[in-house]
Every structure is written in structure tokens, then in C-alpha cells.
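Please read the structure below before turning to the comments.
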Amino acid sequence: MPTPEANQVTIREPDDWHLHLRDDDMMALIANYSARQFARAIIMPNLVPPVTTIAAAEAYRDRILDVLPTGHRFTPLMTAYLTDEIGPDEVETGHTRGVFTACKLYPAGATTNSAFGVTDVRNIYPVLERMQKTGMPLLIHGEVASSDIDIFDREAVFLETVLAPLLGDFPELKVVLEHITTADSVQFIQAAGPSVAATITPHHLRIDRNALFEGGLRPHAYCLPVAKRTHHRAALREAATSGNPKFFLGTDSAPHPRHDKESACGCAGIFCAPVALESYALTFDEENALDRLEGFASEFGPNFYGLPLNEGSITLRREALTVPKIVTGNDLSVVPFHAGETLAWCAMERSQG
Ligand code: NCD
Ligand code: ZN
Ligand code: ZN
């Protein structure tokens, strides 16, 4: 158990319960940032075209494993992208064959590559019925896509108009509300039954909406759901460090090429993988909660998913870490979260259990 002044912290190997690994050259550039610090990750299916079949998920999993360095210890856990048309049999067979760990619900139009997402949750009720029966988790990008609703209110409106009725209809369904950004979501999750949990990103624990406009427009602080007011960030920090097992780690690391972010219509997504664990450690340290990092990072997620805990461990040291201003390779440049900053925590030695 680390003391507040501890200069190092060793925790069970963590997992990332929400990760975008992309494909092709981008994947080859960025995959190892996650593989070096996480033992498993839930891989988001929002490729173009999206991963909607067992065959596509298996092929994607093979491509991921192909770009990882030899000797890696990283297991990609694949997800199915729910569309209006996807059938319950494909989902259930994929789950029983160990291909689909979970299904992902993108409300159509809510975020990056969500055009093929679900236009009305009632369209996927037969799939949800089956998932509830088989115990397969539903992962949700929880925002309404309506342009009539203020962008800062879209998560809170989703809770009321979509999620609450859905949980009423499927009280036993395992649900993870992904990358929560509001005090409203924190309260909602706390009040919900044991089958409902949430992930929290490293960046939403650190930035509020002011970060988007600090001295000018800051495209690298832009992601969806967009960061909210400071009191929401405080509620997220409280939830993440509270020891409540309903809140666990999901980085939502979502790289886009620099020119697609620094553009007249910049893409949503923050590339936090290079500093994910270090950033969480910084926040937990600031909240005097380093002793709660292990639960959040390494235990609550697998327990929720019904998967075994990892056997290995990872050590973070209180040591200056200078974050690169840019990550380049394969003719791509990507700006990481915390670019150019010096962080107080540095991961790691990883050891096999
Ligand atoms: C993600 C992406 O780029 O794929 N972007 C983001 O801002 N978080 C999509 C998502 O997780 O919503
Ligand atoms: Zn999302
Ligand atoms: Zn995401």
C-alpha cells in the first residue's frame, strides 16, 4: 500500500476498457503505446467500414497482433459495432466463440465514424434481449446526436431520454457508459443497479472546457463527449478515486493525424495512449488516492466483465517524464495528450506474474 509520499507504486497489470487502435499505418505507429502498459484492451470497432461481423473482427484482431512487437503481452478484446440491421445470432455466436467480448452502441451521428450507428435503440431491441440473456456487455457512447440539443448537454439528455428507458426495459443487461464527462453521469451510475458501470478517461480527469479555448482554439483538447465545466471534472475525479467499483479505466485514446485535428473542421479524439497510466497516476496522486489506482486500473474492469485479473504487475516511479511534442512515423504525425509537458510520474517496469 503506497504512502502519500511514496516514490513508487506497484500495481497489478492494468487493462484499458476503451481503446481506438485504428488500422494500417496508424495502427502500426500507435499500437505498442498501449501494449507496453496494458495487458488487455477493449478495441473499438469504429473503423471504416465498421466491424459488424465475426469475420471482420477476427481479421482485425489478426492485423492488431501482426503489428505488435514479438514478446508482447497484450490481448485485444474485440467488439461488434451495432447497426440498425445487425442480427442477434451474429452477436451471440461471436460472443460464444470468444470473438466479441462486447457490443458497442454508437447513436448514429454522435461521434467519429458513427454514421452507420443505431438510429433508434428500439431497432436493436432483439439484439439487446439476446445480450441480456447471454450476459454480454453493452458499451455505450452516451450522447444524443441531435443538433437541436446544446453540445454540452448531449450526455445529460441521453441519460434521461435513452439510457433510463433502456435500463427500464433491460434491467439485467450489463451496460458500460463510456467516457463519462458529467456529474449527472456520475450520479446516474451511482444510483443504477450493479449491472451498470462507467469508464473515465485520463483527459476528462484533467481538462475542462476552458482547455479548448486557452489563449486560442486548441484542437488537441477536442474530443467527444466534449470536456465540460470544472465542477463536472471535479465530480469525475471524485468518482474515479472513490474506490467505487462502478468506475474504471478506459482511456478512449483516439489518434487522428495532426492535419485532421488542426483543420477548419477538426476531428474529435485525444491520443492519450503514450501517457495514459502516467496521467492517471498524476491525478490519483493529486487526489491523495494512489492506493486506489489499482482497483480503478486493474480490478474493477475485469470484475465487471467477469474476466480473470491479470497476474503480472507494473511499477510507476515518481520521476520526471518529458512527453514528446509529436509522435511521427509511417508518414504520419500525431500530437499526444500532455504534449511537451513534464509529468511527475513515469511508468514502468512490467513483470510477469
Ligand atoms: C473517438 C474516435 O476518434 O474514434 N473520438 C472521440 O472524440 N472520443 C470516437 C469516440 O470514442 O467517441
Ligand atoms: Zn465515444
Ligand atoms: Zn472512443
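Each chain of the C-alpha cells is named A, B, ... in the order shown, its residues numbered from 1; ligands are numbered from 1 in display order.
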
Check which residues fall inside 12 Å of ligand 3 when counting only C-alpha atoms and all ligand atoms, and print them as number ranges by chain.
A: 16-22, 42-47, 104-106, 110-114, 139-142, 177-180, 199-201, 223-226, 250-255, 268-272

Keeping C-alpha atoms, export the residues of the selection given above as a CSV table (one decimal), in the first residue's frame.
chain,number,residue,atom,x,y,z
A,16,ASP,CA,-7.8,-0.4,-21.0
A,17,TRP,CA,-11.5,-0.9,-21.3
A,18,HIS,CA,-12.0,1.6,-24.2
A,19,LEU,CA,-9.3,2.0,-26.9
A,20,HIS,CA,-9.1,3.0,-30.6
A,21,LEU,CA,-6.3,1.2,-32.3
A,22,ARG,CA,-7.3,2.3,-35.8
A,42,ILE,CA,-11.4,-3.4,-25.4
A,43,ILE,CA,-10.9,-2.5,-29.1
A,44,MET,CA,-13.4,0.0,-30.5
A,45,PRO,CA,-15.0,-1.2,-33.8
A,46,ASN,CA,-15.4,2.3,-35.5
A,47,LEU,CA,-13.2,1.6,-38.5
A,104,LYS,CA,-20.7,-1.1,-28.9
A,105,LEU,CA,-23.7,1.3,-29.4
A,106,TYR,CA,-23.0,4.5,-31.3
A,110,ALA,CA,-22.9,11.2,-32.4
A,111,THR,CA,-19.1,10.9,-32.9
A,112,THR,CA,-16.2,9.9,-35.2
A,113,ASN,CA,-17.3,7.1,-37.7
A,114,SER,CA,-20.7,6.7,-36.2
A,139,LEU,CA,-20.8,-0.4,-24.3
A,140,ILE,CA,-22.4,3.0,-25.0
A,141,HIS,CA,-21.3,6.3,-26.4
A,142,GLY,CA,-23.8,8.2,-24.3
A,177,LEU,CA,-21.5,4.1,-20.1
A,178,GLU,CA,-18.2,5.0,-21.8
A,179,HIS,CA,-16.0,8.0,-21.3
A,180,ILE,CA,-18.3,9.9,-18.9
A,199,THR,CA,-15.3,4.3,-17.8
A,200,ILE,CA,-13.4,7.5,-17.2
A,201,THR,CA,-10.6,8.8,-19.5
A,223,CYS,CA,-12.8,15.0,-28.1
A,224,LEU,CA,-16.4,13.7,-27.7
A,225,PRO,CA,-18.1,13.9,-25.4
A,226,VAL,CA,-16.5,17.3,-25.2
A,250,GLY,CA,-10.9,3.4,-20.2
A,251,THR,CA,-8.5,5.7,-22.0
A,252,ASP,CA,-10.5,6.4,-25.2
A,253,SER,CA,-7.2,7.0,-26.8
A,254,ALA,CA,-8.3,8.2,-30.2
A,255,PRO,CA,-5.5,9.3,-32.5
A,268,ALA,CA,-12.7,14.7,-32.3
A,269,GLY,CA,-10.4,12.5,-30.3
A,270,ILE,CA,-7.4,12.8,-27.9
A,271,PHE,CA,-4.4,10.5,-28.3
A,272,CYS,CA,-3.6,9.7,-24.7

Any idea what's packed within 12 Å of region 147-150 of chain A, counting only C-alpha atoms, ignoring anything in its chain fewer than 2 positions away? Could you give it as a list of chain:residue names?
A:Gly109, A:Ala110, A:Glu143, A:Val144, A:Ala145, A:Phe152, A:Asp153, A:Arg154, A:Glu155, A:Ala156, A:Val157, A:Phe158, A:Pro225, A:Val226, A:Lys228

Could those selected residues go to a file with N, CA, C and O atoms, as a compact mmCIF listing (two decimals), in the first residue's frame?
# COMPACT_ATOMS: atom_id res chain seq x y z
N GLY A 109 -24.39 9.36 -35.86
CA GLY A 109 -24.05 10.77 -35.96
C GLY A 109 -23.47 11.38 -34.69
O GLY A 109 -23.12 12.56 -34.67
N ALA A 110 -23.31 10.58 -33.63
CA ALA A 110 -22.87 11.16 -32.36
C ALA A 110 -21.38 11.48 -32.31
O ALA A 110 -20.96 12.38 -31.61
N GLU A 143 -24.37 9.92 -25.90
CA GLU A 143 -24.78 11.28 -26.26
C GLU A 143 -25.89 11.19 -27.28
O GLU A 143 -25.84 10.35 -28.19
N VAL A 144 -26.88 12.08 -27.15
CA VAL A 144 -27.87 12.19 -28.24
C VAL A 144 -27.18 12.93 -29.39
O VAL A 144 -26.30 13.76 -29.18
N ALA A 145 -27.58 12.59 -30.60
CA ALA A 145 -26.89 13.14 -31.76
C ALA A 145 -27.59 14.37 -32.31
O ALA A 145 -27.13 14.96 -33.28
N PHE A 152 -23.02 20.67 -25.03
CA PHE A 152 -22.62 20.42 -23.63
C PHE A 152 -23.70 19.69 -22.84
O PHE A 152 -23.45 19.26 -21.72
N ASP A 153 -24.89 19.58 -23.42
CA ASP A 153 -25.99 18.91 -22.72
C ASP A 153 -26.29 17.51 -23.27
O ASP A 153 -27.15 16.81 -22.76
N ARG A 154 -25.58 17.12 -24.32
CA ARG A 154 -25.99 15.89 -25.03
C ARG A 154 -25.84 14.62 -24.20
O ARG A 154 -26.57 13.66 -24.39
N GLU A 155 -24.87 14.61 -23.30
CA GLU A 155 -24.72 13.43 -22.44
C GLU A 155 -25.85 13.37 -21.41
O GLU A 155 -26.48 12.32 -21.23
N ALA A 156 -26.11 14.49 -20.78
CA ALA A 156 -27.16 14.51 -19.74
C ALA A 156 -28.53 14.19 -20.35
O ALA A 156 -29.33 13.45 -19.76
N VAL A 157 -28.79 14.70 -21.54
CA VAL A 157 -30.07 14.42 -22.20
C VAL A 157 -30.17 12.94 -22.57
O VAL A 157 -31.23 12.32 -22.47
N PHE A 158 -29.04 12.35 -22.96
CA PHE A 158 -29.03 10.92 -23.30
C PHE A 158 -29.45 10.06 -22.09
O PHE A 158 -30.19 9.09 -22.23
N PRO A 225 -17.38 12.66 -25.78
CA PRO A 225 -18.08 13.88 -25.42
C PRO A 225 -17.08 14.98 -25.02
O PRO A 225 -16.06 14.70 -24.38
N VAL A 226 -17.40 16.21 -25.41
CA VAL A 226 -16.51 17.33 -25.17
C VAL A 226 -16.37 17.56 -23.65
O VAL A 226 -17.30 17.25 -22.89
N LYS A 228 -16.43 19.28 -20.12
CA LYS A 228 -17.49 20.14 -19.59
C LYS A 228 -16.91 21.14 -18.57
O LYS A 228 -15.70 21.31 -18.46

Compare A:Leu65, A:Leu217, A:Cys267, A:Val48 by their minimum atom-to-atom distance to ligand 1, counting only C-alpha atoms and all ligand atoms, and give me the closest one.
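Of A:Leu65, A:Leu217, A:Cys267, A:Val48, the one nearest ligand 1, counting only C-alpha atoms and all ligand atoms, is A:Cys267.
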
Could you give me the residues within region 130-322 of chain A that DSSP places in helix (DSSP H, G or I), as a PyMOL selection string?
chain A and resi 130-134+151-169+183-191+203-205+209-213+219-221+230-240+258-261+273-286+290-305

Which residues are close to region 70-85 of chain A, i.e. within 7 Å by only C-alpha atoms, leaving aside same-chain residues fewer than 4 positions away? Reply as a ChimeraX atom specification.
/A:35,38-46,50-53,57,61,99-105,116-119,123-124

Show which residues sit within 6 Å of Gly340 (chain A), as a PDB file with C-alpha atoms, in the first residue's frame. Count only C-alpha atoms, and ignore same-chain residues fewer than 4 positions away.
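Below you can see selection_17.pdb, which holds the result:
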ATOM      1  CA  VAL A 323       6.213  13.964 -23.103  1.00  0.00           C
ATOM      2  CA  PRO A 324       7.107  14.284 -26.785  1.00  0.00           C
ATOM      3  CA  LYS A 325       5.515  17.164 -28.691  1.00  0.00           C
TER       4      LYS A 325
END

Which is closest to Thr161 (chain A) among A:Ala192, A:Ala198, A:Val121, A:Ala344, if we use only C-alpha atoms?
A:Val121

Between region 134-226 of chain A and region 300-309 of chain A, at 8 Å or less, what are the per-residue closest atom pairs and their distances in Å? Count only C-alpha atoms, order by chain and rising residue number, and return it as a tab-separated table.
residue	atom	partner	partner_atom	distance
A:Pro137	CA	A:Tyr305	CA	7.3
A:Ser195	CA	A:Phe304	CA	8.0
A:Ala197	CA	A:Phe304	CA	7.9

Top pick for closest residue to Lys261 (chain A), considering A:Arg237, A:Arg209, A:Arg130, A:His220 and counting only C-alpha atoms
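Distance minimum relative to Lys261 (chain A) lands on A:His220.
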
Thr241 (chain A) surroundings by only C-alpha atoms, 9 Å radius, close-in-sequence under 3 positions cut, as a list in words:
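Those residues are Leu236, Arg237, Glu238, Asn244, Phe247, Thr283, Phe284, Glu287, Asn288, Ala289, Leu290, Arg292, Leu293 and Phe296 of chain A.
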
Just write the chosen residues, C-alpha atoms, as a CSV table (one decimal), in the first residue's frame.
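Output (selection_6.csv):
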chain,number,residue,atom,x,y,z
A,236,LEU,CA,-15.3,12.7,-12.2
A,237,ARG,CA,-12.1,12.9,-10.1
A,238,GLU,CA,-14.1,12.2,-7.0
A,244,ASN,CA,-16.4,2.6,-6.1
A,247,PHE,CA,-16.0,3.4,-12.2
A,283,THR,CA,-4.4,12.6,-11.0
A,284,PHE,CA,-4.6,9.9,-8.3
A,287,GLU,CA,-6.2,13.4,-5.0
A,288,ASN,CA,-4.1,11.5,-2.4
A,289,ALA,CA,-5.5,8.3,-3.8
A,290,LEU,CA,-2.6,6.4,-5.2
A,292,ARG,CA,-6.9,3.4,-5.1
A,293,LEU,CA,-5.3,3.4,-8.5
A,296,PHE,CA,-9.6,1.5,-10.8

Closest of A:Ala347, A:Met131, A:Asp208, A:Gln37 to Arg229 (chain A) - atom-to-atom distances counting only C-alpha atoms
A:Asp208

Can you pull out the residues contacting Ile314 (chain A)? Cut-off 7 Å, using only C-alpha atoms, and skip same-chain residues under 3 positions away; I want them as a ChimeraX atom specification.
/A:10-13,348-351

Which residues are close to Ala221 (chain A), i.e. within 8 Å by only C-alpha atoms, leaving aside same-chain residues fewer than 5 positions away? Reply as a PDB file with N, CA and C atoms, in the first residue's frame.
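The resulting part12.pdb:
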ATOM      1  N   ILE A 207      -8.796  17.934 -17.955  1.00  0.00           N
ATOM      2  CA  ILE A 207      -9.192  19.167 -18.662  1.00  0.00           C
ATOM      3  C   ILE A 207     -10.668  19.471 -18.446  1.00  0.00           C
ATOM      4  N   ALA A 211     -10.050  24.404 -21.431  1.00  0.00           N
ATOM      5  CA  ALA A 211      -8.830  23.946 -22.117  1.00  0.00           C
ATOM      6  C   ALA A 211      -8.962  24.053 -23.635  1.00  0.00           C
ATOM      7  N   LEU A 212     -10.193  24.055 -24.124  1.00  0.00           N
ATOM      8  CA  LEU A 212     -10.419  24.143 -25.574  1.00  0.00           C
ATOM      9  C   LEU A 212     -10.145  25.541 -26.128  1.00  0.00           C
ATOM     10  N   ILE A 270      -8.675  12.415 -28.582  1.00  0.00           N
ATOM     11  CA  ILE A 270      -7.407  12.757 -27.924  1.00  0.00           C
ATOM     12  C   ILE A 270      -6.552  11.496 -27.852  1.00  0.00           C
ATOM     13  N   PHE A 337      -1.637  13.569 -25.937  1.00  0.00           N
ATOM     14  CA  PHE A 337      -2.100  14.288 -24.750  1.00  0.00           C
ATOM     15  C   PHE A 337      -0.869  14.653 -23.905  1.00  0.00           C
TER      16      PHE A 337
END

Could you write out, as a ChimeraX atom specification, all the residues of region 22-155 of chain A that DSSP marks as strand (DSSP E)?
/A:40-43,75-81,100-105,138-140

Grab the residues selected above and save them as a compact mmCIF listing (two decimals), in the first residue's frame with all heavy atoms.
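So selection-v5.txt came out as:
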# COMPACT_ATOMS: atom_id res chain seq x y z
N ARG A 40 -4.61 -6.01 -21.48
CA ARG A 40 -5.74 -6.26 -22.39
C ARG A 40 -6.38 -4.92 -22.71
O ARG A 40 -6.24 -3.96 -21.94
CB ARG A 40 -6.82 -7.12 -21.70
CG ARG A 40 -6.41 -8.53 -21.40
CD ARG A 40 -7.44 -9.23 -20.51
NE ARG A 40 -7.45 -8.68 -19.15
CZ ARG A 40 -7.95 -9.30 -18.09
NH1 ARG A 40 -8.51 -10.49 -18.21
NH2 ARG A 40 -7.92 -8.73 -16.90
N ALA A 41 -7.07 -4.87 -23.84
CA ALA A 41 -7.85 -3.66 -24.12
C ALA A 41 -9.08 -4.02 -24.93
O ALA A 41 -9.05 -4.92 -25.78
CB ALA A 41 -7.02 -2.64 -24.89
N ILE A 42 -10.15 -3.32 -24.62
CA ILE A 42 -11.38 -3.41 -25.42
C ILE A 42 -11.16 -2.52 -26.65
O ILE A 42 -10.94 -1.31 -26.52
CB ILE A 42 -12.58 -2.91 -24.59
CG1 ILE A 42 -13.01 -3.96 -23.58
CG2 ILE A 42 -13.75 -2.51 -25.49
CD1 ILE A 42 -13.89 -5.06 -24.14
N ILE A 43 -11.20 -3.16 -27.82
CA ILE A 43 -10.88 -2.46 -29.06
C ILE A 43 -12.16 -1.95 -29.72
O ILE A 43 -13.06 -2.72 -30.04
CB ILE A 43 -10.15 -3.41 -30.05
CG1 ILE A 43 -8.95 -4.09 -29.36
CG2 ILE A 43 -9.71 -2.64 -31.29
CD1 ILE A 43 -7.89 -3.18 -28.80
N THR A 75 -3.55 -8.56 -25.06
CA THR A 75 -4.66 -9.26 -25.68
C THR A 75 -5.73 -8.26 -26.11
O THR A 75 -6.31 -7.58 -25.26
CB THR A 75 -5.29 -10.27 -24.68
OG1 THR A 75 -4.26 -11.13 -24.22
CG2 THR A 75 -6.38 -11.09 -25.34
N PRO A 76 -5.98 -8.15 -27.41
CA PRO A 76 -7.08 -7.30 -27.86
C PRO A 76 -8.42 -8.01 -27.67
O PRO A 76 -8.57 -9.16 -28.07
CB PRO A 76 -6.78 -7.10 -29.35
CG PRO A 76 -5.82 -8.17 -29.75
CD PRO A 76 -5.25 -8.78 -28.51
N LEU A 77 -9.34 -7.33 -27.04
CA LEU A 77 -10.69 -7.87 -26.83
C LEU A 77 -11.61 -7.14 -27.82
O LEU A 77 -11.76 -5.92 -27.75
CB LEU A 77 -11.15 -7.64 -25.39
CG LEU A 77 -10.23 -8.20 -24.30
CD1 LEU A 77 -10.71 -7.77 -22.91
CD2 LEU A 77 -10.16 -9.73 -24.39
N MET A 78 -12.20 -7.90 -28.73
CA MET A 78 -12.90 -7.28 -29.85
C MET A 78 -14.37 -6.97 -29.52
O MET A 78 -14.98 -7.60 -28.66
CB MET A 78 -12.82 -8.20 -31.07
CG MET A 78 -11.42 -8.69 -31.41
SD MET A 78 -10.15 -7.39 -31.43
CE MET A 78 -10.63 -6.54 -32.96
N THR A 79 -14.89 -5.99 -30.24
CA THR A 79 -16.28 -5.58 -30.04
C THR A 79 -17.01 -5.53 -31.39
O THR A 79 -16.39 -5.35 -32.43
CB THR A 79 -16.37 -4.19 -29.39
OG1 THR A 79 -15.64 -3.24 -30.20
CG2 THR A 79 -15.77 -4.20 -27.99
N ALA A 80 -18.32 -5.69 -31.31
CA ALA A 80 -19.17 -5.58 -32.50
C ALA A 80 -19.81 -4.20 -32.53
O ALA A 80 -20.31 -3.72 -31.52
CB ALA A 80 -20.26 -6.65 -32.45
N TYR A 81 -19.79 -3.58 -33.68
CA TYR A 81 -20.39 -2.26 -33.89
C TYR A 81 -21.87 -2.49 -34.21
O TYR A 81 -22.20 -3.14 -35.21
CB TYR A 81 -19.66 -1.63 -35.06
CG TYR A 81 -20.02 -0.22 -35.49
CD1 TYR A 81 -19.08 0.81 -35.37
CD2 TYR A 81 -21.24 0.07 -36.11
CE1 TYR A 81 -19.35 2.08 -35.83
CE2 TYR A 81 -21.52 1.35 -36.57
CZ TYR A 81 -20.57 2.35 -36.42
OH TYR A 81 -20.85 3.62 -36.89
N PHE A 100 -16.31 -11.75 -29.98
CA PHE A 100 -16.85 -10.48 -29.48
C PHE A 100 -16.92 -10.51 -27.95
O PHE A 100 -17.69 -11.29 -27.38
CB PHE A 100 -18.28 -10.24 -29.98
CG PHE A 100 -18.40 -9.99 -31.46
CD1 PHE A 100 -19.45 -10.55 -32.18
CD2 PHE A 100 -17.50 -9.17 -32.12
CE1 PHE A 100 -19.59 -10.30 -33.54
CE2 PHE A 100 -17.63 -8.92 -33.49
CZ PHE A 100 -18.69 -9.49 -34.19
N THR A 101 -16.15 -9.66 -27.31
CA THR A 101 -16.26 -9.56 -25.85
C THR A 101 -17.49 -8.74 -25.47
O THR A 101 -18.12 -8.98 -24.45
CB THR A 101 -14.99 -8.90 -25.27
OG1 THR A 101 -13.88 -9.75 -25.57
CG2 THR A 101 -15.09 -8.71 -23.77
N ALA A 102 -17.81 -7.75 -26.32
CA ALA A 102 -18.93 -6.85 -26.01
C ALA A 102 -19.47 -6.26 -27.31
O ALA A 102 -18.89 -6.47 -28.38
CB ALA A 102 -18.44 -5.72 -25.09
N CYS A 103 -20.57 -5.53 -27.20
CA CYS A 103 -21.11 -4.79 -28.35
C CYS A 103 -21.05 -3.31 -28.05
O CYS A 103 -21.21 -2.87 -26.91
CB CYS A 103 -22.57 -5.15 -28.61
SG CYS A 103 -22.79 -6.78 -29.29
N LYS A 104 -20.87 -2.52 -29.12
CA LYS A 104 -20.74 -1.08 -28.95
C LYS A 104 -21.91 -0.36 -29.61
O LYS A 104 -22.20 -0.58 -30.78
CB LYS A 104 -19.43 -0.63 -29.60
CG LYS A 104 -19.21 0.86 -29.59
CD LYS A 104 -18.87 1.37 -28.20
CE LYS A 104 -18.91 2.87 -28.16
NZ LYS A 104 -17.87 3.46 -27.34
N LEU A 105 -22.56 0.48 -28.84
CA LEU A 105 -23.66 1.28 -29.37
C LEU A 105 -23.21 2.72 -29.61
O LEU A 105 -22.88 3.45 -28.67
CB LEU A 105 -24.83 1.28 -28.37
CG LEU A 105 -25.94 2.31 -28.61
CD1 LEU A 105 -26.59 2.17 -29.98
CD2 LEU A 105 -26.99 2.22 -27.52
N LEU A 138 -22.98 -4.29 -23.00
CA LEU A 138 -23.27 -3.26 -24.00
C LEU A 138 -22.49 -2.02 -23.61
O LEU A 138 -22.62 -1.49 -22.50
CB LEU A 138 -24.77 -2.93 -24.00
CG LEU A 138 -25.18 -1.76 -24.91
CD1 LEU A 138 -25.04 -2.15 -26.38
CD2 LEU A 138 -26.60 -1.30 -24.61
N LEU A 139 -21.65 -1.55 -24.54
CA LEU A 139 -20.82 -0.36 -24.30
C LEU A 139 -21.44 0.80 -25.06
O LEU A 139 -21.75 0.68 -26.24
CB LEU A 139 -19.39 -0.60 -24.79
CG LEU A 139 -18.81 -1.99 -24.46
CD1 LEU A 139 -17.38 -2.10 -24.99
CD2 LEU A 139 -18.87 -2.25 -22.97
N ILE A 140 -21.61 1.92 -24.39
CA ILE A 140 -22.40 3.00 -24.99
C ILE A 140 -21.63 4.31 -25.09
O ILE A 140 -21.06 4.79 -24.10
CB ILE A 140 -23.68 3.24 -24.17
CG1 ILE A 140 -24.51 1.96 -24.06
CG2 ILE A 140 -24.52 4.36 -24.78
CD1 ILE A 140 -25.81 2.11 -23.30

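Of the residues under consideration (A:Thr93, A:Gln187, A:Thr134, A:Thr181), A:Thr181 shows the shortest atom-to-atom contact distance to ligand 2 when counting only C-alpha atoms and all ligand atoms.
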